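K.L.:
Just one file: model25.csv, with CSV, C-alpha atoms.
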chain,number,residue,atom,x,y,z
A,1,MET,CA,11.6,-12.8,7.1
A,2,ALA,CA,12.4,-12.6,10.8
A,3,GLU,CA,9.5,-11.5,13.0
A,4,ALA,CA,11.1,-8.3,14.2
A,5,HIS,CA,11.8,-7.2,10.6
A,6,GLN,CA,8.3,-8.1,9.5
A,7,ALA,CA,6.8,-6.2,12.5
A,8,ARG,CA,8.8,-3.2,11.6
A,9,VAL,CA,7.7,-3.1,8.0
A,10,LEU,CA,4.0,-3.8,8.9
A,11,LYS,CA,4.0,-1.0,11.5
A,12,THR,CA,5.6,1.5,9.1
A,13,ILE,CA,3.1,0.6,6.3
A,14,GLU,CA,0.2,0.6,8.7
A,15,ASP,CA,1.1,4.1,10.0
A,16,MET,CA,1.3,5.3,6.4
A,17,VAL,CA,-2.0,3.8,5.4
A,18,GLN,CA,-3.7,5.2,8.5
A,19,SER,CA,-2.3,8.7,7.7
A,20,LEU,CA,-3.5,8.5,4.1
A,21,GLU,CA,-6.9,7.3,5.2
A,22,ARG,CA,-7.3,10.0,7.9
A,23,ASN,CA,-6.1,12.9,5.7
A,24,HIS,CA,-7.3,11.9,2.2
A,25,ILE,CA,-9.5,8.8,1.9
A,26,ARG,CA,-11.9,9.7,4.7
A,27,LYS,CA,-12.6,13.1,3.1
A,28,MET,CA,-13.2,11.4,-0.2
A,29,GLN,CA,-15.6,9.0,1.5
A,30,GLY,CA,-17.5,11.8,3.0
A,31,LEU,CA,-17.8,13.5,-0.4
A,32,MET,CA,-18.9,10.2,-2.0
A,33,PHE,CA,-21.6,9.6,0.6
A,34,LYS,CA,-22.9,13.2,0.2
A,35,CYS,CA,-22.9,13.0,-3.5
A,36,SER,CA,-24.7,9.6,-3.4
A,37,ALA,CA,-27.3,10.9,-1.0
A,38,GLU,CA,-28.0,13.8,-3.4
A,39,CYS,CA,-28.4,11.3,-6.2
A,40,CYS,CA,-31.0,9.4,-4.1
A,41,GLU,CA,-32.9,12.7,-3.5
A,42,ARG,CA,-33.6,13.1,-7.2
A,43,SER,CA,-37.1,12.0,-7.2
A,44,ILE,CA,-37.7,12.6,-10.9
A,45,ASP,CA,-34.8,10.5,-12.1
A,46,SER,CA,-35.2,6.9,-13.2
A,47,MET,CA,-33.6,4.0,-11.2
A,48,SER,CA,-30.8,3.7,-13.8
A,49,GLN,CA,-30.1,7.4,-13.7
A,50,VAL,CA,-29.8,7.3,-10.0
A,51,HIS,CA,-27.5,4.3,-10.3
A,52,SER,CA,-25.4,6.0,-12.8
A,53,CYS,CA,-25.2,9.1,-10.6
A,54,ILE,CA,-24.1,7.0,-7.6
A,55,GLU,CA,-21.5,5.2,-9.8
A,56,HIS,CA,-20.1,8.6,-10.8
A,57,CYS,CA,-19.9,9.6,-7.1
A,58,ASN,CA,-18.0,6.4,-6.3
A,59,THR,CA,-15.4,6.9,-9.1
A,60,PRO,CA,-12.9,9.2,-7.2
A,61,LEU,CA,-12.8,6.9,-4.1
A,62,ALA,CA,-12.4,3.8,-6.3
A,63,GLN,CA,-9.5,5.5,-8.1
A,64,ALA,CA,-7.9,6.4,-4.8
A,65,GLN,CA,-8.2,2.9,-3.4
A,66,GLY,CA,-6.8,1.5,-6.6
A,67,LEU,CA,-3.8,3.9,-6.4
A,68,VAL,CA,-3.1,2.9,-2.8
A,69,THR,CA,-3.5,-0.8,-3.5
A,70,ASN,CA,-1.3,-0.7,-6.6
A,71,GLU,CA,1.4,1.1,-4.7
A,72,LEU,CA,1.3,-1.3,-1.8
A,73,GLU,CA,1.4,-4.3,-4.2
A,74,LYS,CA,4.5,-2.9,-5.9
A,75,PHE,CA,6.1,-2.3,-2.6
A,76,GLN,CA,5.3,-5.9,-1.4
A,77,ASP,CA,6.6,-7.4,-4.7
A,78,ARG,CA,9.9,-5.5,-4.4
A,79,LEU,CA,10.4,-6.6,-0.8
A,80,THR,CA,9.6,-10.2,-1.7
A,81,ARG,CA,12.1,-10.1,-4.6
A,82,CYS,CA,14.7,-8.8,-2.2
A,83,THR,CA,14.1,-11.5,0.4
A,84,MET,CA,14.0,-14.2,-2.3
A,85,HIS,CA,17.5,-13.0,-3.3
A,86,CYS,CA,18.5,-13.4,0.3
A,87,ASN,CA,17.1,-17.0,0.3
A,88,ASP,CA,19.1,-17.7,-2.9
A,89,LYS,CA,22.3,-16.4,-1.3
A,90,ALA,CA,21.7,-18.4,1.8
A,91,ARG,CA,21.0,-21.6,-0.2
A,92,ASP,CA,24.2,-21.0,-2.3
A,93,LEU,CA,26.2,-20.6,0.9
A,94,LEU,CA,24.7,-23.7,2.4
A,95,ASP,CA,25.4,-25.7,-0.8
A,96,SER,CA,29.0,-24.6,-0.7
A,97,GLY,CA,29.4,-26.3,2.7
A,98,ALA,CA,29.0,-23.4,5.1
A,99,LYS,CA,27.7,-24.1,8.5
A,100,GLU,CA,24.1,-23.3,9.5
A,101,PRO,CA,25.1,-20.4,11.9
A,102,ALA,CA,26.9,-18.6,9.1
A,103,VAL,CA,24.0,-19.1,6.8
A,104,ARG,CA,21.6,-17.8,9.5
A,105,ALA,CA,23.8,-14.7,10.0
A,106,LEU,CA,23.9,-14.1,6.3
A,107,MET,CA,20.2,-14.4,6.0
A,108,GLU,CA,19.5,-12.1,9.0
A,109,ASN,CA,21.9,-9.4,7.7
A,110,CYS,CA,20.5,-9.7,4.1
A,111,VAL,CA,16.9,-9.5,5.2
A,112,GLY,CA,17.7,-6.7,7.6
A,113,SER,CA,19.2,-4.8,4.6
A,114,CYS,CA,16.1,-5.5,2.5
A,115,VAL,CA,13.9,-4.1,5.3
A,116,ASP,CA,16.1,-1.1,5.9
A,117,ASP,CA,16.1,-0.3,2.1
A,118,HIS,CA,12.4,-0.7,1.7
A,119,VAL,CA,11.4,1.2,4.9
A,120,ASN,CA,13.5,4.0,3.6
A,121,LEU,CA,11.4,4.0,0.4
A,122,ILE,CA,8.2,4.6,2.4
A,123,PRO,CA,8.5,8.4,2.8
A,124,SER,CA,8.8,8.9,-1.0
A,125,MET,CA,6.0,6.4,-1.7
A,126,THR,CA,3.8,8.3,0.8
A,127,HIS,CA,4.7,11.6,-0.9
A,128,ARG,CA,3.9,10.2,-4.3
A,129,LEU,CA,0.6,8.7,-3.1
A,130,LYS,CA,-0.4,12.1,-1.5
A,131,GLU,CA,0.3,13.9,-4.7
A,132,ASN,CA,-1.7,11.3,-6.7
A,133,LEU,CA,-4.6,11.4,-4.3
A,134,ASN,CA,-4.7,15.2,-4.4
A,135,SER,CA,-4.8,15.1,-8.2
A,136,ILE,CA,-7.9,13.0,-8.4
A,137,PRO,CA,-10.8,15.3,-9.4
A,138,GLN,CA,-13.7,15.2,-6.8
Translate this structure into structure tokens?
P.N.:
Amino acid sequence: MAEAHQARVLKTIEDMVQSLERNHIRKMQGLMFKCSAECCERSIDSMSQVHSCIEHCNTPLAQAQGLVTNELEKFQDRLTRCTMHCNDKARDLLDSGAKEPAVRALMENCVGSCVDDHVNLIPSMTHRLKENLNSIPQ
């Protein structure tokens, strides 16, 4: 993928992840740490009870991180499939005898379309992630 296209996707994804972290994940981390600290203050509980308590406190954050990771992996897979399709089209064009400038132009346009299409998916992906994060019981 051309550097400008890659930088555009990375910047958009990074902005989304930072927003989710700031507005959702960070709050969950704070609750997890408070909950874990309360577990550690239970002086009459056994070591395994405290460990179980801490594990319970970690569950919502682990679910949230899993949701975000899964969604980003699906996004990356879809973008990769799209760019692989561009590679196939470029290879087919080259095999049919087209000159390298034409193949490069096709590749640039095709990858540009992939990036445009996938960047346009980010707002709905962000909305879906926010809804899913908000639905995780604390």
K.L.:
Name the closest residue to A:Asn120 among the candidates A:Gln6, A:Ser36, A:Thr12, A:Ser96; distances are taken between atoms, counting all atoms listed in the file.
P.N.:
A:Thr12
K.L.:
In terms of the shortest atom-to-atom distance over only C-alpha atoms, which of A:Leu67, A:Cys110, A:Ile54, A:Leu79 is closest to A:Asn132?
P.N.:
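Checking each of A:Leu67, A:Cys110, A:Ile54, A:Leu79 against A:Asn132, counting only C-alpha atoms, the winner is A:Leu67.
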K.L.:
Which one of A:Arg26, A:His5, A:Lys11, A:Lys99 sits closest to A:Asp117 if you count only C-alpha atoms?
P.N.:
A:His5
K.L.:
Using all atoms listed in the file, which protein or nucleic acid residues come within 10 Å of A:Gln29? Drop anything in the same chain fewer than 3 positions from it, and give the result as a list in words.
P.N.:
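Close residues of A:Gln29: Glu21, His24, Ile25, Arg26, Met32, Phe33, Lys34, Cys35, Cys57, Asn58, Pro60, Leu61 and Ala62 of chain A.
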K.L.:
Using only C-alpha atoms, which of A:Ser46, A:Ser113, A:Gln63, A:Ser124 sits nearest A:Phe75?
P.N.:
A:Ser124
K.L.:
Just the number, please: distance in Å from atom CA of A:Lys130 to atom CA of A:Leu20, one decimal.
P.N.:
7.3 Å
K.L.:
Kindly indicate which residue among A:Thr59, A:Asn109, A:Gln76, A:Thr69 lies nearest to A:Ala90, using all atoms listed in the file for the distances.
P.N.:
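Closest to A:Ala90, using all atoms listed in the file: A:Asn109.
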K.L.:
What's the 10 Å shell around A:Ala102, counting all atoms listed in the file, without same-chain residues fewer than 6 positions away, as a PDB file with C-alpha atoms, in the frame of the given file?
P.N.:
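Output file selection34.pdb is given in full below:
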ATOM      1  CA  ALA A  90      21.700 -18.400   1.800  1.00  0.00           C
ATOM      2  CA  LEU A  93      26.200 -20.600   0.900  1.00  0.00           C
ATOM      3  CA  LEU A  94      24.700 -23.700   2.400  1.00  0.00           C
ATOM      4  CA  GLU A 108      19.500 -12.100   9.000  1.00  0.00           C
TER       5      GLU A 108
END
K.L.:
Just how far from atom CA of A:Val103 is atom CA of A:Val115, in Å to one decimal?
P.N.:
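Distance reported for this atom pair: 18.1 Å.
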K.L.:
Show me, as a VMD selection string, the residues that have an atom within 9 Å of A:Val119 when counting all atoms listed in the file, minus same-chain residues fewer than 4 positions from it.
P.N.:
chain A and resid 8 to 9 12 to 13 114 to 115 123
K.L.:
How far is it from atom CA of A:Asp116 to atom CA of A:His85, in Å with one decimal?
P.N.:
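Atom CA of A:His85 lies 15.1 Å from atom CA of A:Asp116.
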K.L.:
For the point (6.0, 2.3, -3.6) in the file's frame, write as a ChimeraX atom specification all residues with an atom no more than 9 Å away, counting all atoms listed in the file.
P.N.:
/A:70-76,78,118,121-122,124-126,128-129
